[in-house]
Amino acid sequence: GPANQRLIRVVFNGANAAGAPLIARMAMEKGIAANICYASTRGIEERAYGSMILGISGGDEMLREAIDFLKETPDVIAEEVVIDA
């Protein structure tokens with residue numbers, strides 16, 4: 001369930017890729033399903049700005065794969081959100 005979801009913050013700094021299609025592509029190409037927990041992105045002249053929080057279930061391996069995939073897109077920053085208990 002959501003309890004073992006890991007969170008990734010994705011920041012779009014003028015990426016030439018819209019948020020949701022990038023997440024859909026990750027699902028299709030890598031088989032990684034992500035929940036969009038939060039999104040505040042806007043497109044300006046076909047470039048995406050803003051950020052998203054993604055929930056990934058599936059453990060360390062899948063988390064790493066997702067971050068690597070997202071970082072392959074220029075002007076996209078992806079990092080795990082660590083919530084201190």
# chains A, B, ... in the order shown; residues from 1 in each chain; ligands from 1
>>> select_by_dssp(residues="chain A", states="strand (DSSP E)", output="PDB file with C-alpha atoms, in the first residue's frame")
ATOM      1  CA  ARG A   6       8.880   6.034  -1.914  1.00  0.00           C
ATOM      2  CA  LEU A   7       8.624   9.631  -3.018  1.00  0.00           C
ATOM      3  CA  ILE A   8      10.525  11.343  -5.802  1.00  0.00           C
ATOM      4  CA  ARG A   9      10.596  15.084  -6.324  1.00  0.00           C
ATOM      5  CA  VAL A  10      10.826  15.948 -10.003  1.00  0.00           C
ATOM      6  CA  VAL A  11      11.713  19.521 -10.932  1.00  0.00           C
ATOM      7  CA  PHE A  12      11.223  20.852 -14.450  1.00  0.00           C
ATOM      8  CA  ASN A  13      13.587  23.717 -15.279  1.00  0.00           C
ATOM      9  CA  GLY A  14      12.426  24.452 -18.799  1.00  0.00           C
ATOM     10  CA  ALA A  15      12.409  20.815 -19.856  1.00  0.00           C
ATOM     11  CA  ALA A  34       4.124   6.185 -10.545  1.00  0.00           C
ATOM     12  CA  ASN A  35       1.355   7.928  -8.656  1.00  0.00           C
ATOM     13  CA  ILE A  36       1.374  11.664  -9.154  1.00  0.00           C
ATOM     14  CA  CYS A  37       0.894  12.792  -5.549  1.00  0.00           C
ATOM     15  CA  TYR A  38       1.354  16.471  -6.270  1.00  0.00           C
ATOM     16  CA  ALA A  39       1.971  18.480  -9.406  1.00  0.00           C
ATOM     17  CA  SER A  40       2.450  22.148 -10.028  1.00  0.00           C
ATOM     18  CA  THR A  41       3.817  22.532 -13.509  1.00  0.00           C
ATOM     19  CA  ARG A  42       3.181  24.987 -16.254  1.00  0.00           C
ATOM     20  CA  GLY A  43       4.176  25.063 -19.890  1.00  0.00           C
ATOM     21  CA  ILE A  44       5.722  28.144 -21.399  1.00  0.00           C
ATOM     22  CA  ARG A  47       8.838  23.973 -22.101  1.00  0.00           C
ATOM     23  CA  ALA A  48       7.819  22.680 -18.702  1.00  0.00           C
ATOM     24  CA  TYR A  49       8.498  24.480 -15.432  1.00  0.00           C
ATOM     25  CA  GLY A  50       7.540  23.516 -11.918  1.00  0.00           C
ATOM     26  CA  SER A  51       7.621  20.372  -9.842  1.00  0.00           C
ATOM     27  CA  MET A  52       5.915  17.102  -9.095  1.00  0.00           C
ATOM     28  CA  ILE A  53       6.011  14.576  -6.304  1.00  0.00           C
ATOM     29  CA  LEU A  54       5.764  10.989  -7.522  1.00  0.00           C
ATOM     30  CA  GLY A  55       4.985   7.928  -5.437  1.00  0.00           C
ATOM     31  CA  ILE A  56       6.788   4.755  -6.498  1.00  0.00           C
ATOM     32  CA  VAL A  76      14.779  17.664 -15.274  1.00  0.00           C
ATOM     33  CA  ILE A  77      16.036  17.120 -11.733  1.00  0.00           C
ATOM     34  CA  ALA A  78      14.893  14.017  -9.838  1.00  0.00           C
ATOM     35  CA  GLU A  79      15.712  13.050  -6.276  1.00  0.00           C
ATOM     36  CA  GLU A  80      14.213  10.975  -3.522  1.00  0.00           C
ATOM     37  CA  VAL A  81      12.231  12.909  -0.928  1.00  0.00           C
TER      38      VAL A  81
END
>>> select_by_dssp(residues="chain A", states="helix (DSSP H, G or I)", output="list of chain:residue names")
A:Pro2, A:Ala3, A:Asn4, A:Gly19, A:Ala20, A:Pro21, A:Leu22, A:Ile23, A:Ala24, A:Arg25, A:Met26, A:Ala27, A:Met28, A:Glu29, A:Lys30, A:Gly59, A:Asp60, A:Glu61, A:Met62, A:Leu63, A:Arg64, A:Glu65, A:Ala66, A:Ile67, A:Asp68, A:Phe69, A:Leu70, A:Lys71
>>> atom_distance(atom1="atom CA of A:Ile32", atom2="atom CA of A:Met62")
7.1 Å
>>> closest_residue(among="A:Val82, A:Ala33, A:Ala17, A:Leu70", to="A:Gly58", atoms="only C-alpha atoms")
A:Ala33
>>> atom_distance(atom1="atom CA of A:Gln5", atom2="atom CA of A:Asp68")
17.5 Å
>>> closest_residue(among="A:Glu61, A:Glu45, A:Phe69, A:Asn4", to="A:Ala24", atoms="only C-alpha atoms")
A:Phe69
